[in-house]
Structure formats: structure tokens, C-alpha cells
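Participant: Below you'll find final-v2.cif; it's mmCIF, C-alpha atoms.
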```
data_run
loop_
_atom_site.label_atom_id
_atom_site.label_comp_id
_atom_site.auth_asym_id
_atom_site.auth_seq_id
_atom_site.Cartn_x
_atom_site.Cartn_y
_atom_site.Cartn_z
CA MET A 1406 114.03 80.45 136.97
CA ALA A 1407 115.55 80.29 133.46
CA ILE A 1408 112.34 81.55 131.84
CA ASP A 1409 112.06 84.39 134.35
CA THR A 1410 115.71 85.32 133.80
CA ARG A 1411 115.26 85.24 130.03
CA ALA A 1412 112.13 87.40 130.25
CA ALA A 1413 113.89 89.84 132.57
CA LEU A 1414 116.85 90.10 130.19
CA LEU A 1415 114.50 90.85 127.30
CA LYS A 1416 112.55 93.42 129.30
CA HIS A 1417 115.66 95.29 130.41
CA ALA A 1418 117.27 95.13 126.96
CA GLU A 1419 114.13 96.61 125.39
CA PHE A 1420 114.12 99.37 127.97
CA PHE A 1421 117.79 100.17 127.29
CA ILE A 1422 117.24 100.25 123.52
CA ARG A 1423 114.14 102.43 123.74
CA THR A 1424 115.61 104.87 126.25
CA GLN A 1425 119.36 104.92 125.58
CA GLY A 1426 119.96 103.12 122.31
CA TYR A 1427 121.35 99.87 121.00
CA SER A 1428 124.98 100.91 121.46
CA ALA A 1429 124.49 102.30 124.96
CA PHE A 1430 124.10 99.02 126.81
CA SER A 1431 126.13 95.89 127.26
CA TYR A 1432 125.67 92.47 128.78
CA ALA A 1433 127.33 93.88 131.91
CA ASP A 1434 124.46 96.40 132.21
CA LEU A 1435 121.90 93.63 131.81
CA ALA A 1436 123.70 91.45 134.35
CA ASP A 1437 123.54 94.29 136.89
CA CYS A 1438 119.80 94.79 136.29
CA VAL A 1439 118.90 91.12 136.52
CA GLY A 1440 121.38 90.19 139.25
CA ILE A 1441 123.30 87.51 137.39
CA ARG A 1442 126.84 87.15 136.11
CA LYS A 1443 127.55 88.57 132.67
CA ALA A 1444 128.68 85.14 131.45
CA SER A 1445 125.27 83.71 132.41
CA ILE A 1446 123.58 85.90 129.80
CA HIS A 1447 125.42 83.99 127.06
CA TYR A 1448 123.50 80.87 128.10
CA HIS A 1449 120.28 82.61 127.02
CA PHE A 1450 121.66 84.78 124.23
CA PRO A 1451 125.10 83.83 122.90
CA ARG A 1452 125.38 87.15 121.03
CA LYS A 1453 123.75 90.54 121.38
CA ASP A 1454 122.31 89.97 117.89
CA ASP A 1455 120.45 86.92 119.21
CA LEU A 1456 118.92 89.02 121.98
CA ILE A 1457 117.84 91.76 119.57
CA GLN A 1458 116.43 89.23 117.09
CA GLU A 1459 114.25 87.76 119.84
CA LEU A 1460 113.14 91.23 120.90
CA LEU A 1461 112.23 92.05 117.30
CA SER A 1462 110.28 88.82 116.97
CA SER A 1463 108.39 89.47 120.20
CA TYR A 1464 107.76 93.09 119.22
CA ARG A 1465 106.52 92.05 115.79
CA THR A 1466 104.12 89.48 117.25
CA GLN A 1467 102.65 92.05 119.66
CA PHE A 1468 102.50 94.76 117.02
CA HIS A 1469 100.69 92.53 114.54
CA GLN A 1470 98.22 91.57 117.27
CA ASP A 1471 97.63 95.24 118.05
CA LEU A 1472 96.88 95.94 114.38
CA ARG A 1473 94.44 93.02 114.24
CA ASN A 1474 92.76 94.41 117.36
CA PHE A 1475 92.52 97.88 115.79
CA GLU A 1476 90.74 96.34 112.82
CA ALA A 1477 88.46 94.14 114.92
CA ASN A 1478 87.51 96.87 117.40
CA SER A 1479 87.17 99.85 115.06
CA THR A 1480 84.28 100.46 112.73
CA SER A 1481 86.04 102.91 110.42
CA PRO A 1482 89.45 103.42 108.82
CA MET A 1483 89.79 106.73 110.67
CA GLU A 1484 89.31 104.98 114.03
CA ARG A 1485 91.95 102.42 113.05
CA LEU A 1486 94.40 105.15 112.10
CA ARG A 1487 93.77 107.00 115.36
CA ALA A 1488 94.32 103.80 117.36
CA TYR A 1489 97.57 103.25 115.46
CA GLY A 1490 98.71 106.76 116.36
CA GLU A 1491 97.79 106.30 119.99
CA ARG A 1492 100.17 103.36 120.13
CA PHE A 1493 103.01 105.83 119.56
CA ALA A 1494 101.66 108.16 122.24
CA LYS A 1495 101.52 105.21 124.63
CA SER A 1496 105.25 104.59 124.03
CA PHE A 1497 105.90 108.19 124.97
CA ASP A 1498 103.70 107.87 128.06
CA ASN A 1499 105.85 104.88 129.06
CA HIS A 1500 108.95 107.09 128.66
CA MET A 1501 110.24 105.16 125.67
CA LEU A 1502 110.82 105.77 121.98
CA PRO A 1503 109.03 103.46 119.55
CA PHE A 1504 111.13 100.29 119.35
CA CYS A 1505 112.00 100.33 115.64
CA CYS A 1506 112.49 104.10 115.72
CA ALA A 1507 115.12 103.68 118.42
CA LEU A 1508 116.86 100.95 116.42
CA ALA A 1509 116.65 102.85 113.12
CA ALA A 1510 118.27 105.88 114.74
CA GLU A 1511 121.38 103.75 115.16
CA ARG A 1512 121.19 102.01 111.79
CA SER A 1513 124.91 102.29 111.08
CA ALA A 1514 125.76 100.57 114.39
CA LEU A 1515 123.39 97.64 113.80
CA PRO A 1516 124.46 94.32 112.32
CA GLU A 1517 123.04 93.73 108.83
CA SER A 1518 120.67 91.04 110.11
CA ILE A 1519 119.07 93.52 112.51
CA ARG A 1520 118.96 96.31 109.89
CA SER A 1521 117.11 93.96 107.59
CA GLU A 1522 114.53 93.12 110.27
CA VAL A 1523 113.97 96.78 111.15
CA HIS A 1524 113.49 97.51 107.45
CA LYS A 1525 110.89 94.71 107.24
CA ASP A 1526 109.02 96.12 110.23
CA PHE A 1527 108.82 99.59 108.72
CA MET A 1528 107.69 98.12 105.39
CA PHE A 1529 105.00 96.12 107.17
CA GLN A 1530 103.71 99.27 108.87
CA LEU A 1531 103.66 101.14 105.55
CA GLU A 1532 101.81 98.28 103.87
CA TRP A 1533 99.23 98.17 106.66
CA LEU A 1534 98.71 101.93 106.58
CA THR A 1535 98.45 101.90 102.78
CA ARG A 1536 95.82 99.17 102.93
CA ILE A 1537 93.75 100.89 105.61
CA ILE A 1538 93.90 104.23 103.78
CA GLY A 1539 93.22 102.64 100.38
CA ASP A 1540 90.25 100.68 101.74
CA GLY A 1541 88.91 103.85 103.36
CA ILE A 1542 89.19 105.80 100.12
CA ALA A 1543 87.58 102.97 98.11
CA ALA A 1544 84.69 102.78 100.60
CA GLY A 1545 84.17 106.54 100.44
CA GLN A 1546 85.10 106.93 104.12
CA LEU A 1547 88.37 108.84 103.59
CA SER A 1548 89.18 111.71 101.28
CA GLU A 1549 91.63 110.97 98.48
CA THR A 1550 94.14 113.78 98.88
CA ARG A 1551 97.11 111.83 97.50
CA PRO A 1552 97.84 108.20 96.66
CA ALA A 1553 97.40 105.93 99.69
CA ASP A 1554 101.06 104.87 99.76
CA GLU A 1555 102.22 108.51 99.89
CA VAL A 1556 99.81 109.27 102.71
CA ALA A 1557 101.06 106.17 104.56
CA VAL A 1558 104.67 107.37 104.36
CA SER A 1559 103.62 110.83 105.57
CA LEU A 1560 101.65 109.43 108.52
CA LEU A 1561 104.42 107.09 109.64
CA SER A 1562 107.02 109.84 109.23
CA ALA A 1563 104.87 112.19 111.29
CA LEU A 1564 104.60 109.66 114.12
CA GLU A 1565 108.25 108.64 114.13
CA GLY A 1566 109.46 112.23 113.83
CA GLY A 1567 106.92 113.42 116.37
CA SER A 1568 108.14 110.75 118.78
CA ILE A 1569 111.72 111.99 118.48
CA ILE A 1570 110.71 115.63 118.92
CA GLY A 1571 108.50 114.71 121.89
CA TRP A 1572 111.42 112.77 123.35
CA ALA A 1573 113.78 115.73 122.93
CA LEU A 1574 111.30 118.20 124.42
CA GLN A 1575 109.97 115.73 127.01
CA GLU A 1576 106.50 116.75 125.92
CA ARG A 1577 103.68 114.52 124.61
CA ARG A 1578 102.07 117.05 122.27
CA PRO A 1579 104.56 116.72 119.37
CA VAL A 1580 104.08 112.94 119.22
CA LEU A 1581 100.65 113.23 117.58
CA ALA A 1582 100.57 116.85 116.35
CA ALA A 1583 101.51 116.39 112.67
CA PHE A 1584 99.81 112.99 112.51
CA THR A 1585 96.52 114.45 113.76
CA ALA A 1586 96.76 117.35 111.31
CA MET A 1587 97.30 114.91 108.45
CA LEU A 1588 94.35 112.81 109.55
CA GLY A 1589 92.27 115.98 109.29
CA THR A 1590 93.04 116.12 105.56
CA LEU A 1591 91.66 112.60 105.15
CA GLU A 1592 88.33 113.34 106.82
CA LEU A 1593 85.40 113.81 104.51
CA GLY A 1594 84.02 117.29 104.30
#
```
Represent the structure contained in this file as C-alpha cells.
Facilitator:
Amino acid sequence: MAIDTRAALLKHAEFFIRTQGYSAFSYADLADCVGIRKASIHYHFPRKDDLIQELLSSYRTQFHQDLRNFEANSTSPMERLRAYGERFAKSFDNHMLPFCCALAAERSALPESIRSEVHKDFMFQLEWLTRIIGDGIAAGQLSETRPADEVAVSLLSALEGGSIIGWALQERRPVLAAFTAMLGTLELG
């Protein structure tokens, strides 16, 4: 029962963060969703920070696995980049903002420990994108339009910004629009 309760708390907290924001939910909201007393949540997560840290850890583990899968299952850097972009579209299809995007939008409300973890996650994504783009350029599979790290920032910005615009418009198209256009500039002639 305790494991199921813990998992349910994490699931509902992630949903609240990705649909309403970090500041928009409390332990009382989670207690209502899971059907337990608010005080019982403190057994699993003494502080909201503890809950968010565990969510970030779980998210990071899954995200890193997804990136490994993209590399294992794709034969080209372009396929890997497209798979990465589709992960953002999948978030939209599930009616949620990307997890770190939702947290970053409330940066000033986050405790420093959470801000630091969100920063690390964005840096990891930029490093992965830079490596994939750089390897693709070096292998002659992607066009060198700008330095790989600049392209990585542009691609991630396009996906995060596209996710927010898609969220505001309640339309999927903006999620991948700029990202797809930028990928077009990387394709060889």
C-alpha cells in the first residue's frame, strides 16, 4: 500500500506541476486526489522539496533512458533529433507541458535546490543536443550552419517555446513548427 500511495502521490504531483504549476498545488490537493489525510503525505515526503526532488530524479532517469533509446534505435543524427522533438509533442498530446519547462516557468518560486536541478537538466539536454549535432556535422550527415552548441540552444528553445505557445493555443502545430524548420537547415542539400 505504501509504495502504491507513494507512486500515486508522485503521479498526481507531476500532473499538477505540468498542468497548473509548482505553486498551484498543495499537499491538501494531493491528499484529495489520493484519498489520504494531508498529514499522511509527510510520511512519504516530509517537504514539498523532497517530493519535487524525487520527481526530478525519476524524470531524469526516464529522460536519459529515452535519449539512449533514440541513439540505439536511430541510424542517423537527424532521426535522433526528430525523436527528441517528438518527445515534446508527446507531452502536448498528454495535455502537459514538458516537466522542466513547467518548473522553469516558475523559477522565482522554486527553492534553490530545485532551481539547481532544473538548471542541470537543461544543461544535460544542451550537451546531448550539441554532441548529436557535432557528431552529425563531423560525419558529414548534417550541414554546418552554425556552431553545434548554438544550434543546440536554438533547437531546445524552439521546442520549449513551441510547447508554451501550443499550450496557450491548445494546438499541437506550434510545438514542433520552429524545431522542424530549424532541422531543415541542418539537412544536407
Participant: Point out the residue among A:Ala1436, A:Ala1543, A:Ala1586, A:Cys1506 with the least atom-to-atom distance to A:Glu1565, counting all atoms listed in the file.
Facilitator: A:Cys1506
Participant: Starting from the point (112.7, 111.1, 126.5), work out which residues of protein, DNA or RNA have an atom no more than 12 Å away when counting all atoms listed in the file; state them as a ChimeraX atom specification.
Facilitator: /A:1420,1423-1426,1496-1503,1507,1567-1577,1580
Participant: Mind dumping the selected residues with C-alpha atoms as a PDB file, keeping the file's coordinate frame?
Facilitator:
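Final output, again_30.pdb:
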```
ATOM      1  CA  PHE A1420     114.120  99.370 127.970  1.00  0.00           C
ATOM      2  CA  ARG A1423     114.140 102.430 123.740  1.00  0.00           C
ATOM      3  CA  THR A1424     115.610 104.870 126.250  1.00  0.00           C
ATOM      4  CA  GLN A1425     119.360 104.920 125.580  1.00  0.00           C
ATOM      5  CA  GLY A1426     119.960 103.120 122.310  1.00  0.00           C
ATOM      6  CA  SER A1496     105.250 104.590 124.030  1.00  0.00           C
ATOM      7  CA  PHE A1497     105.900 108.190 124.970  1.00  0.00           C
ATOM      8  CA  ASP A1498     103.700 107.870 128.060  1.00  0.00           C
ATOM      9  CA  ASN A1499     105.850 104.880 129.060  1.00  0.00           C
ATOM     10  CA  HIS A1500     108.950 107.090 128.660  1.00  0.00           C
ATOM     11  CA  MET A1501     110.240 105.160 125.670  1.00  0.00           C
ATOM     12  CA  LEU A1502     110.820 105.770 121.980  1.00  0.00           C
ATOM     13  CA  PRO A1503     109.030 103.460 119.550  1.00  0.00           C
ATOM     14  CA  ALA A1507     115.120 103.680 118.420  1.00  0.00           C
ATOM     15  CA  GLY A1567     106.920 113.420 116.370  1.00  0.00           C
ATOM     16  CA  SER A1568     108.140 110.750 118.780  1.00  0.00           C
ATOM     17  CA  ILE A1569     111.720 111.990 118.480  1.00  0.00           C
ATOM     18  CA  ILE A1570     110.710 115.630 118.920  1.00  0.00           C
ATOM     19  CA  GLY A1571     108.500 114.710 121.890  1.00  0.00           C
ATOM     20  CA  TRP A1572     111.420 112.770 123.350  1.00  0.00           C
ATOM     21  CA  ALA A1573     113.780 115.730 122.930  1.00  0.00           C
ATOM     22  CA  LEU A1574     111.300 118.200 124.420  1.00  0.00           C
ATOM     23  CA  GLN A1575     109.970 115.730 127.010  1.00  0.00           C
ATOM     24  CA  GLU A1576     106.500 116.750 125.920  1.00  0.00           C
ATOM     25  CA  ARG A1577     103.680 114.520 124.610  1.00  0.00           C
ATOM     26  CA  VAL A1580     104.080 112.940 119.220  1.00  0.00           C
TER      27      VAL A1580
END
```
Participant: Considering all atoms listed in the file, return as a list in words whatever protein or nucleic-acid residues lie within 10 Å of A:Leu1460, sequence-local ones (same chain, fewer than 2 positions apart) excluded.
Facilitator: Leu1415, Lys1416, Ala1418, Glu1419, Asp1454, Asp1455, Leu1456, Ile1457, Gln1458, Ser1462, Ser1463, Tyr1464, Arg1465, Thr1466 and Phe1504 of chain A
Participant: Taking into account all atoms listed in the file, which residue in the set A:Leu1547, A:Leu1561, A:Ile1422, A:Ala1412 is nearest to A:Pro1482?
Facilitator: A:Leu1547
Participant: Just say which residues the PyMOL selection byres ((chain A and resi 1483-1486) around 10) picks in this file, as a list in words.
Facilitator: Leu1472, Arg1473, Asn1474, Phe1475, Glu1476, Ala1477, Asn1478, Ser1479, Thr1480, Ser1481, Pro1482, Arg1487, Ala1488, Tyr1489, Gly1490, Glu1491, Leu1534, Ile1537, Ile1538, Gly1541, Gln1546, Leu1547, Leu1560, Phe1584, Thr1585, Leu1588, Gly1589, Leu1591 and Glu1592 of chain A
Participant: Please expand the PyMOL selection byres ((chain A and resi 1518) around 12) into the concrete residues it hits in this file, giving the result as a list in words.
Facilitator: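 With the shown file as input, the PyMOL selection byres ((chain A and resi 1518) around 12) matches Lys1453, Asp1454, Asp1455, Ile1457, Gln1458, Leu1461, Arg1512, Ala1514, Leu1515, Pro1516, Glu1517, Ile1519, Arg1520, Ser1521, Glu1522, Val1523, His1524 and Lys1525 of chain A.
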Participant: What does the structure give for the distance between atom CA of A:Phe1468 and atom CA of A:Tyr1448, in Å to one decimal?
Facilitator: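 According to the coordinates, atom CA of A:Phe1468 and atom CA of A:Tyr1448 are separated by 27.5 Å.
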Participant: Given the PyMOL selection byres ((chain A and resi 1557) around 9) and the file above, list the residues it selects as a short mmCIF file (atom, residue, chain, number, x, y, z; two decimals) with C-alpha atoms, in the coordinates of the input.
Facilitator:
```
data_model
loop_
_atom_site.label_atom_id
_atom_site.label_comp_id
_atom_site.auth_asym_id
_atom_site.auth_seq_id
_atom_site.Cartn_x
_atom_site.Cartn_y
_atom_site.Cartn_z
CA GLN A 1530 103.71 99.27 108.87
CA LEU A 1531 103.66 101.14 105.55
CA GLU A 1532 101.81 98.28 103.87
CA TRP A 1533 99.23 98.17 106.66
CA LEU A 1534 98.71 101.93 106.58
CA THR A 1535 98.45 101.90 102.78
CA ARG A 1536 95.82 99.17 102.93
CA ILE A 1538 93.90 104.23 103.78
CA PRO A 1552 97.84 108.20 96.66
CA ALA A 1553 97.40 105.93 99.69
CA ASP A 1554 101.06 104.87 99.76
CA GLU A 1555 102.22 108.51 99.89
CA VAL A 1556 99.81 109.27 102.71
CA VAL A 1558 104.67 107.37 104.36
CA SER A 1559 103.62 110.83 105.57
CA LEU A 1560 101.65 109.43 108.52
CA LEU A 1561 104.42 107.09 109.64
CA SER A 1562 107.02 109.84 109.23
#
```
Participant: Skip A:Leu1435 itself and residues of its chain fewer than 5 positions away, then list as a PDB file with C-alpha atoms, keeping the file's coordinate frame all residues within 10 Å of it, counting only C-alpha atoms.
Facilitator:
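Output contents, as saved in out.pdb:
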```
ATOM      1  CA  ALA A1413     113.890  89.840 132.570  1.00  0.00           C
ATOM      2  CA  LEU A1414     116.850  90.100 130.190  1.00  0.00           C
ATOM      3  CA  LEU A1415     114.500  90.850 127.300  1.00  0.00           C
ATOM      4  CA  LYS A1416     112.550  93.420 129.300  1.00  0.00           C
ATOM      5  CA  HIS A1417     115.660  95.290 130.410  1.00  0.00           C
ATOM      6  CA  ALA A1418     117.270  95.130 126.960  1.00  0.00           C
ATOM      7  CA  PHE A1421     117.790 100.170 127.290  1.00  0.00           C
ATOM      8  CA  PHE A1430     124.100  99.020 126.810  1.00  0.00           C
ATOM      9  CA  GLY A1440     121.380  90.190 139.250  1.00  0.00           C
ATOM     10  CA  ILE A1441     123.300  87.510 137.390  1.00  0.00           C
ATOM     11  CA  ARG A1442     126.840  87.150 136.110  1.00  0.00           C
ATOM     12  CA  LYS A1443     127.550  88.570 132.670  1.00  0.00           C
ATOM     13  CA  ILE A1446     123.580  85.900 129.800  1.00  0.00           C
TER      14      ILE A1446
END
```
Participant: Report, in Å to a single decimal, how far apart atom CA of A:His1449 and atom CA of A:Ser1431 are.
Facilitator: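 Atom-to-atom, atom CA of A:Ser1431 to atom CA of A:His1449, that is 14.5 Å.
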Participant: Which value, in Å to one decimal, gives the distance between atom CA of A:Val1439 and atom CA of A:Asp1471?
Facilitator: 28.5 Å
Participant: Determine the axis-aligned bounding box of all atoms of stretch 1472-1484 of chain A present in the file, pad each side by 6 Å, and express its centre and edge lengths in Å to one decimal place as JSON.
Facilitator:
```
{"center_x": 90.6, "center_y": 99.9, "center_z": 113.1, "size_x": 24.6, "size_y": 25.7, "size_z": 20.6}
```
Participant: Under the rule that all atoms listed in the file are counted, which of A:Glu1549, A:Gly1539, A:Ser1513, A:Asp1526 is the nearest residue to A:Ser1428?
Facilitator: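 When distances to A:Ser1428 are compared using all atoms listed in the file, the smallest one comes from A:Ser1513.
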Participant: From the structure just shown, export stretch 1435-1466 of chain A with N, CA and C atoms as a PDB file, in the first residue's frame.
Facilitator:
```pdb
ATOM      1  N   LEU A1435      -3.077  17.005  -3.162  1.00  0.00           N
ATOM      2  CA  LEU A1435      -2.623  15.625  -3.354  1.00  0.00           C
ATOM      3  C   LEU A1435      -3.415  14.662  -2.476  1.00  0.00           C
ATOM      4  N   ALA A1436      -3.670  15.057  -1.245  1.00  0.00           N
ATOM      5  CA  ALA A1436      -4.439  14.199  -0.332  1.00  0.00           C
ATOM      6  C   ALA A1436      -5.822  13.912  -0.902  1.00  0.00           C
ATOM      7  N   ASP A1437      -6.461  14.928  -1.477  1.00  0.00           N
ATOM      8  CA  ASP A1437      -7.780  14.736  -2.089  1.00  0.00           C
ATOM      9  C   ASP A1437      -7.707  13.756  -3.259  1.00  0.00           C
ATOM     10  N   CYS A1438      -6.680  13.882  -4.079  1.00  0.00           N
ATOM     11  CA  CYS A1438      -6.540  13.006  -5.254  1.00  0.00           C
ATOM     12  C   CYS A1438      -6.294  11.554  -4.862  1.00  0.00           C
ATOM     13  N   VAL A1439      -5.476  11.356  -3.851  1.00  0.00           N
ATOM     14  CA  VAL A1439      -5.057  10.009  -3.473  1.00  0.00           C
ATOM     15  C   VAL A1439      -5.992   9.391  -2.435  1.00  0.00           C
ATOM     16  N   GLY A1440      -6.762  10.224  -1.752  1.00  0.00           N
ATOM     17  CA  GLY A1440      -7.697   9.712  -0.756  1.00  0.00           C
ATOM     18  C   GLY A1440      -7.053   9.400   0.579  1.00  0.00           C
ATOM     19  N   ILE A1441      -6.084  10.225   0.959  1.00  0.00           N
ATOM     20  CA  ILE A1441      -5.450  10.064   2.266  1.00  0.00           C
ATOM     21  C   ILE A1441      -5.488  11.405   2.996  1.00  0.00           C
ATOM     22  N   ARG A1442      -5.099  11.366   4.269  1.00  0.00           N
ATOM     23  CA  ARG A1442      -5.037  12.620   5.019  1.00  0.00           C
ATOM     24  C   ARG A1442      -3.775  13.385   4.618  1.00  0.00           C
ATOM     25  N   LYS A1443      -3.872  14.693   4.648  1.00  0.00           N
ATOM     26  CA  LYS A1443      -2.736  15.542   4.285  1.00  0.00           C
ATOM     27  C   LYS A1443      -1.501  15.196   5.115  1.00  0.00           C
ATOM     28  N   ALA A1444      -1.692  14.957   6.394  1.00  0.00           N
ATOM     29  CA  ALA A1444      -0.563  14.630   7.275  1.00  0.00           C
ATOM     30  C   ALA A1444       0.137  13.341   6.849  1.00  0.00           C
ATOM     31  N   SER A1445      -0.596  12.433   6.217  1.00  0.00           N
ATOM     32  CA  SER A1445      -0.007  11.164   5.775  1.00  0.00           C
ATOM     33  C   SER A1445       1.020  11.370   4.671  1.00  0.00           C
ATOM     34  N   ILE A1446       0.880  12.425   3.904  1.00  0.00           N
ATOM     35  CA  ILE A1446       1.834  12.693   2.825  1.00  0.00           C
ATOM     36  C   ILE A1446       3.222  12.943   3.407  1.00  0.00           C
ATOM     37  N   HIS A1447       3.280  13.564   4.572  1.00  0.00           N
ATOM     38  CA  HIS A1447       4.570  13.882   5.196  1.00  0.00           C
ATOM     39  C   HIS A1447       5.360  12.626   5.560  1.00  0.00           C
ATOM     40  N   TYR A1448       4.680  11.501   5.709  1.00  0.00           N
ATOM     41  CA  TYR A1448       5.371  10.229   5.928  1.00  0.00           C
ATOM     42  C   TYR A1448       6.231   9.895   4.711  1.00  0.00           C
ATOM     43  N   HIS A1449       5.707  10.133   3.525  1.00  0.00           N
ATOM     44  CA  HIS A1449       6.409   9.825   2.277  1.00  0.00           C
ATOM     45  C   HIS A1449       7.364  10.944   1.875  1.00  0.00           C
ATOM     46  N   PHE A1450       6.905  12.172   2.024  1.00  0.00           N
ATOM     47  CA  PHE A1450       7.675  13.344   1.601  1.00  0.00           C
ATOM     48  C   PHE A1450       7.536  14.427   2.671  1.00  0.00           C
ATOM     49  N   PRO A1451       8.497  14.513   3.581  1.00  0.00           N
ATOM     50  CA  PRO A1451       8.387  15.489   4.668  1.00  0.00           C
ATOM     51  C   PRO A1451       8.171  16.929   4.183  1.00  0.00           C
ATOM     52  N   ARG A1452       8.787  17.274   3.045  1.00  0.00           N
ATOM     53  CA  ARG A1452       8.642  18.628   2.500  1.00  0.00           C
ATOM     54  C   ARG A1452       8.304  18.534   1.016  1.00  0.00           C
ATOM     55  N   LYS A1453       7.698  19.561   0.503  1.00  0.00           N
ATOM     56  CA  LYS A1453       7.379  19.608  -0.925  1.00  0.00           C
ATOM     57  C   LYS A1453       8.658  19.483  -1.751  1.00  0.00           C
ATOM     58  N   ASP A1454       9.748  20.062  -1.257  1.00  0.00           N
ATOM     59  CA  ASP A1454      11.039  19.949  -1.947  1.00  0.00           C
ATOM     60  C   ASP A1454      11.439  18.486  -2.134  1.00  0.00           C
ATOM     61  N   ASP A1455      11.196  17.664  -1.111  1.00  0.00           N
ATOM     62  CA  ASP A1455      11.542  16.244  -1.194  1.00  0.00           C
ATOM     63  C   ASP A1455      10.746  15.559  -2.303  1.00  0.00           C
ATOM     64  N   LEU A1456       9.494  15.896  -2.401  1.00  0.00           N
ATOM     65  CA  LEU A1456       8.626  15.353  -3.446  1.00  0.00           C
ATOM     66  C   LEU A1456       9.137  15.759  -4.826  1.00  0.00           C
ATOM     67  N   ILE A1457       9.462  17.032  -4.996  1.00  0.00           N
ATOM     68  CA  ILE A1457       9.922  17.527  -6.295  1.00  0.00           C
ATOM     69  C   ILE A1457      11.281  16.929  -6.640  1.00  0.00           C
ATOM     70  N   GLN A1458      12.156  16.794  -5.658  1.00  0.00           N
ATOM     71  CA  GLN A1458      13.468  16.177  -5.913  1.00  0.00           C
ATOM     72  C   GLN A1458      13.301  14.749  -6.428  1.00  0.00           C
ATOM     73  N   GLU A1459      12.383  14.005  -5.825  1.00  0.00           N
ATOM     74  CA  GLU A1459      12.161  12.633  -6.294  1.00  0.00           C
ATOM     75  C   GLU A1459      11.563  12.626  -7.700  1.00  0.00           C
ATOM     76  N   LEU A1460      10.653  13.546  -7.963  1.00  0.00           N
ATOM     77  CA  LEU A1460      10.103  13.657  -9.318  1.00  0.00           C
ATOM     78  C   LEU A1460      11.198  13.967 -10.326  1.00  0.00           C
ATOM     79  N   LEU A1461      12.076  14.903  -9.983  1.00  0.00           N
ATOM     80  CA  LEU A1461      13.180  15.258 -10.880  1.00  0.00           C
ATOM     81  C   LEU A1461      14.098  14.067 -11.121  1.00  0.00           C
ATOM     82  N   SER A1462      14.382  13.320 -10.081  1.00  0.00           N
ATOM     83  CA  SER A1462      15.238  12.147 -10.221  1.00  0.00           C
ATOM     84  C   SER A1462      14.595  11.105 -11.132  1.00  0.00           C
ATOM     85  N   SER A1463      13.320  10.854 -10.923  1.00  0.00           N
ATOM     86  CA  SER A1463      12.585   9.901 -11.752  1.00  0.00           C
ATOM     87  C   SER A1463      12.512  10.381 -13.198  1.00  0.00           C
ATOM     88  N   TYR A1464      12.211  11.659 -13.372  1.00  0.00           N
ATOM     89  CA  TYR A1464      12.151  12.254 -14.711  1.00  0.00           C
ATOM     90  C   TYR A1464      13.502  12.115 -15.406  1.00  0.00           C
ATOM     91  N   ARG A1465      14.560  12.439 -14.690  1.00  0.00           N
ATOM     92  CA  ARG A1465      15.902  12.391 -15.267  1.00  0.00           C
ATOM     93  C   ARG A1465      16.250  10.972 -15.709  1.00  0.00           C
ATOM     94  N   THR A1466      15.941   9.996 -14.875  1.00  0.00           N
ATOM     95  CA  THR A1466      16.218   8.600 -15.221  1.00  0.00           C
ATOM     96  C   THR A1466      15.489   8.211 -16.502  1.00  0.00           C
TER      97      THR A1466
END
```
